[in-house]
Each structure stands twice: as structure tokens, then as C-alpha cells.
Amino acid sequence: MTAVPTPGGTPAAPTPGSPIVTRPVRPRWRETLGLLARDPTAAIAAVVLLAIIVVAIFDTAFASQGPNEQDIANRLQSPSWSHPFGTDDLGRDILARVILGASVSLKVGFLSVGLALVVGTLVGLLAGFYGRWVDDVLMRIMDMLFAFPAVLLAIAILAIRGPGTSNTVIAIAVVYVPIFARVTRASVLGVREEVYVRASRSVGASDLRLLTRHVLPNAAPPIIVQTSISLAFAVLAEAALSFLGLGTQPPNPSWGLMLAEGNEFINRAWWLAFFPGIAIVVTVLCFNLLGDGLRDVLDPRQRTLMAGGGR
Amino acid sequence: MSDILVSARGLEVHFPVRSRGPARRGGGVLRAVDGVDLDIYRGETLGLVGESGCGKSTLGNALLRLVPPTAGTVTFDGTDLTTLGRKAMRDMRRRAGMVFQDPFASLDPRRTVAQTVSEPLEVHGLRSGRRERAARVGELLELVGLDPVVAGRYPHEFSGGQRQRVGIARALAGEPDFLVCDEAIASLDVSVQAQVLNLLRRLQRQLGLTLLFVSHDLSAIRHISDRIAVMYLGRIVEIGPASAVGSSPQMPYTQALLSAVPVPHPALERSRQRIVLRGDVPSPSAVPSGCRFRTRCPAAFEPCPDVVPALQPVGEAPGHLAACHLHGVVGTPVTEVPEGVTAHPPG
Ligand SMILES: Nc1ncnc2c1ncn2[C@@H]1O[C@H](COP(=O)(O)OP(=O)(O)O)[C@@H](O)[C@H]1O
Ligand code: SF4
Ligand SMILES: [Mg+2]
């Protein structure tokens, strides 16, 4: 802690000419990151996720063989130096496919959660801030979406719009919009009553300014936590939908699709399903652990509220 | 130019109260502010006192249209605020500031002191450019007795008194004519209270501010106010020059409030007669008919439940008004009992 120079009554010595620093001395996000680093589980989860993301971004650089390159002579090879994760029934390198699968899974995860985050947060923000009929109308729509079981809703959307990656993104996003709306609204309801919001209104701030500068930043912690947890479920949902043949379409690899393809050979060649399975477990676990860590750092009070958010 | 800056006429703020249980369907009304006529003169300090819950904060907020009035008008420097459009009202806010009670709640924890203090500058486009704003923030911080180097810090790094100074700097940033201080020193340490009070007095003189100083504690505002208004259950029951209200109160409620204030002189303190009021303040959702103080008034007599006393000139000092039938029965007879008013309160 640094001591604040001027105590109570004594007027400050004027400092003519010295530039006035209006930028934060220590940005908040650096503080948050520092606290997160002190939580070993969350820190490890964050590092692992970062590694997965880097691998996913530079996917081709990490794979010696093209993920869709077939080599029939070397089909169903068990893990070896040349094929660390083995090969599948068409002789494709599993490691290369798991890596490309990471970019597919994460792309779907980030896009769908990003879409749900933007739409859901906007809905929750308006509903919570304006209340009355805005709240009634918006949250009634959210309740309707929420009433469907998650996977069923996604399957229904894909059945209507047809399978494929972009429709998977939309399907998962639709499932998550009401969750983000609810989490945001609950948080905004508390923040909008804060005196500093009224204080800002008292100096003439517009609604837009109140929402963007005061309400949203202060309502953000549970939304950030929800984002991390939702990413875990979105990766899982993408895998489930692809496993069912509704998500990513062959020959492109996705972890869920690889799981489905490997299922057939589970007794003869365990590595086909094992490595994509591990990738799913590790990614989902890390997003969850990071979410827990973020919750502890950002917003310990939200623990109970979010406990039932497993969707 | 009139020398009245802020004026309220028939101002009412009624809140709907949700009914508990099936017995009272539809709920009632809570009469937080219930018919206030008030003129605040340019350059004066008006003290507003009354027990907690009597509607002082609601009145202060309603004067700035931070709480929408349910009836009546507020005029600010000749402009009727109650009919002003949203944009025009926001522009008007540059000219009227508010200092809040709790300095720990009134500053956004995620914004630096500079961001908080420069908000009015940005909103009203008062200084163009980052540098000009930063320089102005520095000036404002110095004005309230803070070192400008603290500009980049967050509120949690400050004590209550320092935070309140930041709140004052924000309220002053738009160079307002009018400042509402709602219990601005009530939640500070006693030692800091005097410092902040002195700061406000100095600023009032230096900047020629018109000040509405709200407090539940008569002794706190007696010496800084030019006039004092006493509020009870949503109404102003006595108003006048601070010296007159403070030394010869004309309404039993004010007398009781004043009798609770310790006198510095030991001999006088010993002879001080405390008037202890009977019972609790009635709920603002069930105010007594007629004079709303009658359920606790030691001097209540026949007309009190039946006639709502009007403010009338009392005592010697000009401008000293009180709403009490002891000075002659003047007011509106109770003909019907509206919602939220009880003719014969229980107990
Ligand atoms: N937003 C509100 N909704 C409902 N009731 C309110 C609201 N604000 C204040 N009140 C009620 O109005 C009455 C007056 O409150 P307030 O103006 O805060 O009094 P004071 O500042 O004198 O303590 C209280 O009974 C309070 O409960
Ligand atoms: S009007 Fe009656 S009840 Fe009210 S203060 Fe005067 S004497 Fe008391
Ligand atoms: Mg109050």
C-alpha cells in the first residue's frame, strides 16, 4: 500500500507545472492477474489453455503430416515416434488431427460463446437497467429459450438449419444467450441502485454513459466467470453435436467427430478415441478451473448464485 | 433576475408500497414528500433538518429531479424542471450538484479519482482535450484540499474524508450555482466532520454557491446555515432565519429537536429542559390527519386532527414561518381522508 499524501485538512502544496497523471497508477486487470497467479490451480489451467490456444492458432506448424493426408499403408498404427498419437483407419496422423481439431473446437467454442456473450449481455443489461416492460418482454423471451433442455434445443436448431460448423455456432449461441442474459441482469440489478450511478446521473451523464462506464464494468465479474464456464460447456457441446453427426462434417476433424469415428475401433485401436477424448477432458476441465479461479478472485459472493449453472 | 434560485411548489413524491399478504391488495402510498413549498435564495445556505426517514433526502433528490416528483413543480433559475426534456435536463445538471452521504458508496470503485472528477467536464464538453481536462482536475483537487498527484488513484486508497473531498470536487467540476449536501458529513469521523464542514463553508463563500445542507442533526447545521427549514413526515413545519429558529422555535416539534441539542455553557446546560417526544414517528404510509405531528405533540388540542396547519408568520423575525395551530388556526380542514393518511391512528 502506498500512503496517500494529503491527509484530511491540510491543503495540498500547489505543484505548478507538474503534469497531472489521470491514468490509473495500477490498472485493475493487472491486479486481477496478480491475484489469479497466486491461485495455483487456476494459474496452471490458464497456462494449459494458453498452450492449447497457441497450438490451435499455429495448427499446421505443429503437424508433420497434413491432417487429411491419407496413408493406407500405415493405417491403424499404434503410437510411435513417427506418429506419437498413432494413425486412424485411413492412415491419417491422429496428432495432426487432434491439433486441427483443437482449432475447430476452440473456434466453435469462442465464436458461439462470444455471440451469446454479446447478445445475452446486451439483453440482460437493458432488462436490468430499465426494468418495467423492457425487463418483462426481454426476460419472457429468455425464459422461453431457457425452458428447452439445452442439447435438445441445439439439436432442434441444427435439424432445422442443417448440420455444419456455422450452424453449430448459432445453435450453441442460442442455448447460451438466456444464461448470459440472466447472469448480467442479476448483476445489473444490484449495480444500478448504487449511489455512484445516481451520482453520475446527477452530473448529467446519459444513459449510454451510465451503462458503458459505470454499470457494465461493475457488473462484469460474474459475466467473465460465466464466459469461462460457458466455454467449457461449448467445447463439450460441439463435441457432442459432432459425435451425433450434426456438427463438424467429415473429413474435417473435430474432437467430437474423431470420438465418433474412433468408437468403431475402440477394441482394436484405442488411440483413435483416446487422444481426442483426453483433449476434450483437459480443455473442458481447464476452462472450468479457470472459471472457478476467476470467480474467487473477481467475485467471491457469486459462488452460490452460479452453483447451479451447469448447462 | 429574481433572487430566488430554486423554488418548489406543492412538491410531492409518493412511492407505491407493495402490499404484503392478500389483505391489502394493490398496496398503498408512501408519502415521502407531501406538499412542500420552498424558496431557496441565491447565495444562501439553507439547512434542512428532521428525523431520519422524514423525507429530507427524497426532497433534495426531487429538487434536482433525481427522483421524479409525483406532483408539484420545481423551478431552477426560472426554468420549470418538471417539464424539461431529458437532454435539456441533463444540460441543466451542470448548474446543480449533489454531495452524497456515504463517500464509500458514491464513488465508482472502478474509476480513478481523475476519471470521477472529470466526468462532468466530459459530459458537458467543458474542457476540450485530455490535457485541459487533466489540468482542470488538478485545480479542482487543489480546491478541495487534495494533492493533484492522487488523480490516478482509486477510491479504495483513500480515507472517508478524502473520498468526500473527491465527491465535492466532482460536484463542483461543472461550476454549479447550487449544491445539495445530503448528510455530507454524517458518516465521517467526528474529527473529520469539522474539516469537511469548514471546506464546504469556504467553498460556499469563495464560489458564491447556493447550498442546501441536509442533516438529521440540528446542531451540525445551526451555525453554517443562513436559514433553517424543519421537516416532519414529508412536510416543512417551520422555516426561518437560523438565529430565530435556533433560539426561539415556534413549533413544538422544533422545540423538541432543539431541546435535545446540548448547550456549550455549563450553567445553561444544567437548566436545559429536555422535551422528550412520546412514541415513534408514524409511518409515512399512514400519516396522521390534520397536523401530522399531533400524535406526539405535547400541546395538541382540538383543531389539530381536523385542520392541516398552513405555514404562517410567527415570532418577531421576518420570514419566520411555522405550521402550528398554537399561532392561530390557519389551514385546510380535513374533509376526506386520502390514501396513506389515517384519521385515527392506532395506539
Ligand atoms: N426509492 C424509494 N422507494 C420507496 N420508498 C422510499 C424510497 N426512497 C425513500 N423512501 C422512503 O421515503 C421515506 C423518506 O426517506 P428519505 O427521504 O431517505 O428520508 P431522510 O433522508 O429524511 O432520512 C422513508 O420512509 C423511506 O423509506
Ligand atoms: S398544530 Fe397542534 S399538534 Fe400540530 S404542532 Fe401545533 S399544537 Fe402540536
Ligand atoms: Mg437521508
# chains A, B, ... in the order shown; residues from 1 in each chain; ligands from 1
$ residues_around --residues "Cys286 of chain A" --least-positions-apart "2" --cutoff "10 Å" --atoms "only C-alpha atoms" --output "list in words"
Thr41, Ala42, Ala43, Ile44, Ala45, Ala46, Val47, Val48, Leu49, Ser228, Ile229, Leu231, Ala232, Ile280, Val281, Val282, Thr283, Val284, Asn288, Leu289, Leu290, Gly291 and Asp292 of chain A
$ residues_near_ligand --ligand "ligand 1" --cutoff "6 Å" --atoms "only C-alpha atoms and all ligand atoms" --output "VMD selection string"
chain B and resid 15 32 52 to 58 284
$ write_last_selection --atoms "C-alpha atoms" --output "CSV table (one decimal), in the first residue's frame"
chain,number,residue,atom,x,y,z
B,15,PHE,CA,-43.9,5.9,-3.6
B,32,ALA,CA,-42.1,10.6,1.4
B,52,SER,CA,-34.3,10.2,9.8
B,53,GLY,CA,-36.9,9.0,7.4
B,54,CYS,CA,-38.8,12.3,7.2
B,55,GLY,CA,-38.1,12.7,3.6
B,56,LYS,CA,-35.1,15.1,3.5
B,57,SER,CA,-33.1,13.0,1.0
B,58,THR,CA,-36.1,12.5,-1.2
B,284,PRO,CA,-45.1,7.9,6.0
$ interface_residues --of "chain B" --to "chain A" --cutoff "7 Å" --atoms "only C-alpha atoms" --output "PyMOL selection string"
chain B and resi 66+90-91+93-94+97-98+105-108+112+114+120+123+134-135+138+142+145-149+151-153+158+161-162+192+195
$ residues_near_ligand --ligand "ligand 2" --cutoff "9 Å" --atoms "only C-alpha atoms and all ligand atoms" --output "ChimeraX atom specification"
/B:237,251-253,290-305,307-309,322-327,329
$ residues_near_ligand --ligand "ligand 3" --cutoff "12 Å" --atoms "only C-alpha atoms and all ligand atoms" --output "number ranges by chain"
B: 32, 48-61, 99-102, 180-187, 213-217, 231
$ write_last_selection --atoms "N, CA and C atoms" --output "short mmCIF file (atom, residue, chain, number, x, y, z; two decimals), in the first residue's frame"
data_model
loop_
_atom_site.label_atom_id
_atom_site.label_comp_id
_atom_site.auth_asym_id
_atom_site.auth_seq_id
_atom_site.Cartn_x
_atom_site.Cartn_y
_atom_site.Cartn_z
N ALA B 32 -43.44 10.25 1.00
CA ALA B 32 -42.09 10.65 1.42
C ALA B 32 -41.96 12.17 1.45
N LEU B 48 -31.62 21.97 6.13
CA LEU B 48 -32.86 21.20 6.17
C LEU B 48 -32.69 20.12 7.22
N VAL B 49 -33.49 20.22 8.30
CA VAL B 49 -33.35 19.23 9.37
C VAL B 49 -34.64 18.46 9.59
N GLY B 50 -34.49 17.32 10.23
CA GLY B 50 -35.62 16.48 10.56
C GLY B 50 -35.10 15.10 10.89
N GLU B 51 -35.94 14.33 11.60
CA GLU B 51 -35.51 12.98 11.98
C GLU B 51 -35.29 12.13 10.73
N SER B 52 -34.52 11.08 10.91
CA SER B 52 -34.26 10.17 9.81
C SER B 52 -35.58 9.58 9.29
N GLY B 53 -35.73 9.55 7.98
CA GLY B 53 -36.94 8.98 7.38
C GLY B 53 -38.04 10.00 7.11
N CYS B 54 -37.78 11.28 7.42
CA CYS B 54 -38.85 12.26 7.25
C CYS B 54 -38.93 12.79 5.82
N GLY B 55 -38.00 12.36 4.97
CA GLY B 55 -38.13 12.73 3.56
C GLY B 55 -37.12 13.76 3.09
N LYS B 56 -36.09 14.04 3.88
CA LYS B 56 -35.11 15.06 3.50
C LYS B 56 -34.36 14.70 2.23
N SER B 57 -33.86 13.46 2.20
CA SER B 57 -33.11 13.04 1.01
C SER B 57 -34.00 13.03 -0.21
N THR B 58 -35.21 12.55 -0.04
CA THR B 58 -36.13 12.50 -1.17
C THR B 58 -36.42 13.90 -1.69
N LEU B 59 -36.59 14.85 -0.76
CA LEU B 59 -36.82 16.23 -1.18
C LEU B 59 -35.60 16.77 -1.93
N GLY B 60 -34.41 16.55 -1.37
CA GLY B 60 -33.19 17.02 -2.02
C GLY B 60 -33.03 16.44 -3.42
N ASN B 61 -33.33 15.14 -3.55
CA ASN B 61 -33.25 14.48 -4.85
C ASN B 61 -34.31 14.99 -5.81
N VAL B 99 -23.75 16.36 -3.23
CA VAL B 99 -22.74 15.65 -2.45
C VAL B 99 -23.51 14.63 -1.61
N PHE B 100 -23.09 13.38 -1.69
CA PHE B 100 -23.87 12.31 -1.08
C PHE B 100 -23.36 11.96 0.31
N GLN B 101 -24.21 11.24 1.03
CA GLN B 101 -23.90 10.94 2.42
C GLN B 101 -22.69 10.02 2.57
N ASP B 102 -22.73 8.89 1.85
CA ASP B 102 -21.73 7.87 2.11
C ASP B 102 -20.60 7.95 1.08
N VAL B 180 -26.50 20.55 -3.38
CA VAL B 180 -27.24 19.87 -2.33
C VAL B 180 -26.25 18.97 -1.60
N CYS B 181 -26.11 19.19 -0.29
CA CYS B 181 -25.24 18.33 0.50
C CYS B 181 -26.13 17.46 1.37
N ASP B 182 -26.29 16.23 0.99
CA ASP B 182 -27.20 15.34 1.71
C ASP B 182 -26.43 14.60 2.80
N GLU B 183 -26.54 15.07 4.02
CA GLU B 183 -25.83 14.45 5.15
C GLU B 183 -24.35 14.26 4.79
N ALA B 184 -23.78 15.30 4.20
CA ALA B 184 -22.45 15.15 3.62
C ALA B 184 -21.37 14.85 4.64
N ILE B 185 -21.64 15.11 5.92
CA ILE B 185 -20.59 14.84 6.90
C ILE B 185 -21.03 13.77 7.90
N ALA B 186 -22.28 13.28 7.77
CA ALA B 186 -22.83 12.39 8.79
C ALA B 186 -22.04 11.10 8.97
N SER B 187 -21.50 10.55 7.87
CA SER B 187 -20.84 9.26 8.04
C SER B 187 -19.32 9.39 8.17
N PHE B 213 -28.23 22.34 2.76
CA PHE B 213 -27.47 21.46 3.63
C PHE B 213 -28.43 20.59 4.43
N VAL B 214 -28.47 19.32 4.08
CA VAL B 214 -29.44 18.40 4.69
C VAL B 214 -28.77 17.68 5.85
N SER B 215 -29.45 17.65 6.99
CA SER B 215 -28.89 16.94 8.13
C SER B 215 -29.98 16.51 9.10
N HIS B 216 -29.75 15.39 9.79
CA HIS B 216 -30.71 14.99 10.83
C HIS B 216 -30.33 15.65 12.15
N ASP B 217 -29.19 16.35 12.14
CA ASP B 217 -28.63 16.86 13.38
C ASP B 217 -28.66 18.39 13.35
N MET B 231 -38.28 19.70 8.82
CA MET B 231 -39.17 18.80 8.10
C MET B 231 -39.70 17.73 9.03
#
$ select_by_dssp --residues "segment 128-285 of chain B" --states "strand (DSSP E or B)" --output "ChimeraX atom specification"
/B:178-182,210-215,227-232,235-241
$ write_last_selection --atoms "N, CA and C atoms" --output "PDB file, in the first residue's frame"
ATOM      1  N   PHE B 178     -25.724  25.758  -7.561  1.00  0.00           N
ATOM      2  CA  PHE B 178     -26.496  25.178  -6.467  1.00  0.00           C
ATOM      3  C   PHE B 178     -25.895  23.837  -6.083  1.00  0.00           C
ATOM      4  N   LEU B 179     -25.764  23.618  -4.790  1.00  0.00           N
ATOM      5  CA  LEU B 179     -25.189  22.367  -4.319  1.00  0.00           C
ATOM      6  C   LEU B 179     -26.093  21.812  -3.223  1.00  0.00           C
ATOM      7  N   VAL B 180     -26.495  20.555  -3.385  1.00  0.00           N
ATOM      8  CA  VAL B 180     -27.239  19.870  -2.328  1.00  0.00           C
ATOM      9  C   VAL B 180     -26.254  18.971  -1.603  1.00  0.00           C
ATOM     10  N   CYS B 181     -26.107  19.191  -0.292  1.00  0.00           N
ATOM     11  CA  CYS B 181     -25.238  18.332   0.502  1.00  0.00           C
ATOM     12  C   CYS B 181     -26.127  17.465   1.369  1.00  0.00           C
ATOM     13  N   ASP B 182     -26.289  16.228   0.988  1.00  0.00           N
ATOM     14  CA  ASP B 182     -27.198  15.343   1.708  1.00  0.00           C
ATOM     15  C   ASP B 182     -26.428  14.600   2.797  1.00  0.00           C
ATOM     16  N   THR B 210     -25.044  28.523  -3.785  1.00  0.00           N
ATOM     17  CA  THR B 210     -26.273  28.377  -3.014  1.00  0.00           C
ATOM     18  C   THR B 210     -26.275  26.946  -2.499  1.00  0.00           C
ATOM     19  N   LEU B 211     -26.456  26.803  -1.199  1.00  0.00           N
ATOM     20  CA  LEU B 211     -26.261  25.498  -0.583  1.00  0.00           C
ATOM     21  C   LEU B 211     -27.536  25.023   0.105  1.00  0.00           C
ATOM     22  N   LEU B 212     -27.925  23.793  -0.170  1.00  0.00           N
ATOM     23  CA  LEU B 212     -28.965  23.154   0.639  1.00  0.00           C
ATOM     24  C   LEU B 212     -28.258  22.106   1.467  1.00  0.00           C
ATOM     25  N   PHE B 213     -28.230  22.337   2.762  1.00  0.00           N
ATOM     26  CA  PHE B 213     -27.466  21.461   3.632  1.00  0.00           C
ATOM     27  C   PHE B 213     -28.426  20.592   4.430  1.00  0.00           C
ATOM     28  N   VAL B 214     -28.471  19.317   4.076  1.00  0.00           N
ATOM     29  CA  VAL B 214     -29.436  18.401   4.687  1.00  0.00           C
ATOM     30  C   VAL B 214     -28.770  17.684   5.853  1.00  0.00           C
ATOM     31  N   SER B 215     -29.454  17.648   6.993  1.00  0.00           N
ATOM     32  CA  SER B 215     -28.891  16.939   8.134  1.00  0.00           C
ATOM     33  C   SER B 215     -29.983  16.510   9.099  1.00  0.00           C
ATOM     34  N   ARG B 227     -30.552  30.155   6.852  1.00  0.00           N
ATOM     35  CA  ARG B 227     -31.920  29.836   7.247  1.00  0.00           C
ATOM     36  C   ARG B 227     -32.002  28.345   7.547  1.00  0.00           C
ATOM     37  N   ILE B 228     -33.012  27.995   8.321  1.00  0.00           N
ATOM     38  CA  ILE B 228     -33.210  26.586   8.645  1.00  0.00           C
ATOM     39  C   ILE B 228     -34.651  26.218   8.320  1.00  0.00           C
ATOM     40  N   ALA B 229     -34.826  25.065   7.664  1.00  0.00           N
ATOM     41  CA  ALA B 229     -36.158  24.516   7.425  1.00  0.00           C
ATOM     42  C   ALA B 229     -36.262  23.202   8.186  1.00  0.00           C
ATOM     43  N   VAL B 230     -37.363  23.040   8.891  1.00  0.00           N
ATOM     44  CA  VAL B 230     -37.553  21.828   9.686  1.00  0.00           C
ATOM     45  C   VAL B 230     -38.607  20.966   9.001  1.00  0.00           C
ATOM     46  N   MET B 231     -38.282  19.699   8.824  1.00  0.00           N
ATOM     47  CA  MET B 231     -39.173  18.803   8.096  1.00  0.00           C
ATOM     48  C   MET B 231     -39.697  17.731   9.025  1.00  0.00           C
ATOM     49  N   TYR B 232     -40.960  17.415   8.862  1.00  0.00           N
ATOM     50  CA  TYR B 232     -41.552  16.318   9.628  1.00  0.00           C
ATOM     51  C   TYR B 232     -42.519  15.558   8.729  1.00  0.00           C
ATOM     52  N   ARG B 235     -43.258  17.078   5.237  1.00  0.00           N
ATOM     53  CA  ARG B 235     -43.676  18.466   5.108  1.00  0.00           C
ATOM     54  C   ARG B 235     -42.719  19.386   5.839  1.00  0.00           C
ATOM     55  N   ILE B 236     -42.678  20.631   5.377  1.00  0.00           N
ATOM     56  CA  ILE B 236     -41.897  21.613   6.116  1.00  0.00           C
ATOM     57  C   ILE B 236     -42.795  22.226   7.175  1.00  0.00           C
ATOM     58  N   VAL B 237     -42.391  22.087   8.435  1.00  0.00           N
ATOM     59  CA  VAL B 237     -43.258  22.526   9.522  1.00  0.00           C
ATOM     60  C   VAL B 237     -42.798  23.852  10.126  1.00  0.00           C
ATOM     61  N   GLU B 238     -41.535  24.216   9.897  1.00  0.00           N
ATOM     62  CA  GLU B 238     -41.065  25.510  10.368  1.00  0.00           C
ATOM     63  C   GLU B 238     -39.880  25.930   9.520  1.00  0.00           C
ATOM     64  N   ILE B 239     -39.827  27.224   9.219  1.00  0.00           N
ATOM     65  CA  ILE B 239     -38.704  27.721   8.422  1.00  0.00           C
ATOM     66  C   ILE B 239     -38.457  29.165   8.812  1.00  0.00           C
ATOM     67  N   GLY B 240     -37.202  29.552   8.800  1.00  0.00           N
ATOM     68  CA  GLY B 240     -36.913  30.935   9.141  1.00  0.00           C
ATOM     69  C   GLY B 240     -35.431  31.165   9.277  1.00  0.00           C
ATOM     70  N   PRO B 241     -35.035  32.400   9.616  1.00  0.00           N
ATOM     71  CA  PRO B 241     -33.615  32.685   9.816  1.00  0.00           C
ATOM     72  C   PRO B 241     -33.040  31.743  10.873  1.00  0.00           C
TER      73      PRO B 241
END
$ atom_distance --atom1 "atom CA of Leu50 of chain A" --atom2 "atom CA of Leu298 of chain A"
20.1 Å
$ residues_around --residues "Val341 of chain B" --least-positions-apart "6" --cutoff "9 Å" --atoms "only C-alpha atoms" --output "list in words"
Arg31, Pro284, Ser285, Ala286, Val287, Pro288 and Ser289 of chain B
$ write_last_selection --atoms "all heavy atoms" --output "CSV table (one decimal), in the first residue's frame"
chain,number,residue,atom,x,y,z
B,31,ARG,N,-45.9,8.5,1.6
B,31,ARG,CA,-45.8,10.0,1.3
B,31,ARG,C,-44.5,10.5,1.8
B,31,ARG,O,-44.4,11.1,2.8
B,31,ARG,CB,-47.0,10.7,2.0
B,31,ARG,CG,-48.3,10.1,1.6
B,31,ARG,CD,-49.5,10.5,2.4
B,31,ARG,NE,-50.7,10.4,1.6
B,31,ARG,CZ,-51.3,11.4,1.0
B,31,ARG,NH1,-50.8,12.6,1.0
B,31,ARG,NH2,-52.4,11.1,0.3
B,284,PRO,N,-44.6,7.0,7.1
B,284,PRO,CA,-45.1,7.9,6.0
B,284,PRO,C,-46.1,7.3,5.1
B,284,PRO,O,-46.6,8.0,4.2
B,284,PRO,CB,-43.8,8.2,5.2
B,284,PRO,CG,-42.8,7.2,5.7
B,284,PRO,CD,-43.2,6.6,7.0
B,285,SER,N,-46.5,6.0,5.3
B,285,SER,CA,-47.6,5.4,4.5
B,285,SER,C,-48.9,5.5,5.3
B,285,SER,O,-49.9,5.0,4.9
B,285,SER,CB,-47.3,4.0,4.1
B,285,SER,OG,-47.0,3.2,5.2
B,286,ALA,N,-48.8,6.0,6.5
B,286,ALA,CA,-50.0,6.2,7.4
B,286,ALA,C,-49.8,7.5,8.2
B,286,ALA,O,-49.7,7.4,9.4
B,286,ALA,CB,-50.3,5.0,8.2
B,287,VAL,N,-49.8,8.6,7.5
B,287,VAL,CA,-49.6,9.9,8.3
B,287,VAL,C,-50.9,10.3,9.0
B,287,VAL,O,-52.0,10.1,8.4
B,287,VAL,CB,-49.0,11.0,7.4
B,287,VAL,CG1,-47.8,10.6,6.7
B,287,VAL,CG2,-50.1,11.4,6.3
B,288,PRO,N,-50.8,10.9,10.2
B,288,PRO,CA,-52.0,11.3,10.9
B,288,PRO,C,-52.7,12.5,10.1
B,288,PRO,O,-52.0,13.3,9.5
B,288,PRO,CB,-51.4,11.9,12.2
B,288,PRO,CG,-50.1,11.2,12.3
B,288,PRO,CD,-49.6,11.0,11.0
B,289,SER,N,-54.0,12.5,10.2
B,289,SER,CA,-54.7,13.6,9.5
B,289,SER,C,-54.5,14.9,10.3
B,289,SER,O,-53.9,14.9,11.4
B,289,SER,CB,-56.2,13.3,9.6
B,289,SER,OG,-56.7,13.3,10.9
$ select_by_dssp --residues "segment 65-302 of chain B" --states "helix (DSSP H, G or I)" --output "VMD selection string"
chain B and resid 81 to 83 86 to 95 113 to 123 130 to 143 148 to 152 155 to 157 160 to 172 190 to 207 218 to 222 242 to 247 252 to 259 266 to 271
$ residues_around --residues "Asp143 of chain A" --least-positions-apart "6" --cutoff "10 Å" --atoms "only C-alpha atoms" --output "number ranges by chain"
A: 178-179, 182
$ write_last_selection --atoms "all heavy atoms" --output "mmCIF file, in the first residue's frame"
data_model
loop_
_atom_site.group_PDB
_atom_site.id
_atom_site.type_symbol
_atom_site.label_atom_id
_atom_site.label_comp_id
_atom_site.auth_asym_id
_atom_site.auth_seq_id
_atom_site.Cartn_x
_atom_site.Cartn_y
_atom_site.Cartn_z
ATOM 1 N N PRO A 178 -29.731 -16.930 -23.112
ATOM 2 C CA PRO A 178 -30.507 -16.671 -21.896
ATOM 3 C C PRO A 178 -29.683 -16.755 -20.618
ATOM 4 O O PRO A 178 -29.977 -16.057 -19.637
ATOM 5 C CB PRO A 178 -31.605 -17.735 -21.912
ATOM 6 C CG PRO A 178 -31.220 -18.714 -22.936
ATOM 7 C CD PRO A 178 -30.292 -18.054 -23.883
ATOM 8 N N ILE A 179 -28.629 -17.588 -20.644
ATOM 9 C CA ILE A 179 -27.805 -17.705 -19.435
ATOM 10 C C ILE A 179 -27.046 -16.410 -19.198
ATOM 11 O O ILE A 179 -27.038 -15.862 -18.088
ATOM 12 C CB ILE A 179 -26.842 -18.901 -19.559
ATOM 13 C CG1 ILE A 179 -27.663 -20.185 -19.663
ATOM 14 C CG2 ILE A 179 -25.892 -18.953 -18.379
ATOM 15 C CD1 ILE A 179 -26.866 -21.423 -19.932
ATOM 16 N N ARG A 182 -29.449 -13.726 -18.016
ATOM 17 C CA ARG A 182 -29.827 -13.836 -16.608
ATOM 18 C C ARG A 182 -28.711 -13.389 -15.675
ATOM 19 O O ARG A 182 -28.932 -12.655 -14.727
ATOM 20 C CB ARG A 182 -30.189 -15.285 -16.279
ATOM 21 C CG ARG A 182 -31.559 -15.645 -16.757
ATOM 22 C CD ARG A 182 -31.878 -17.051 -16.334
ATOM 23 N NE ARG A 182 -33.272 -17.350 -16.638
ATOM 24 C CZ ARG A 182 -33.914 -18.390 -16.147
ATOM 25 N NH1 ARG A 182 -33.299 -19.211 -15.321
ATOM 26 N NH2 ARG A 182 -35.169 -18.592 -16.459
#
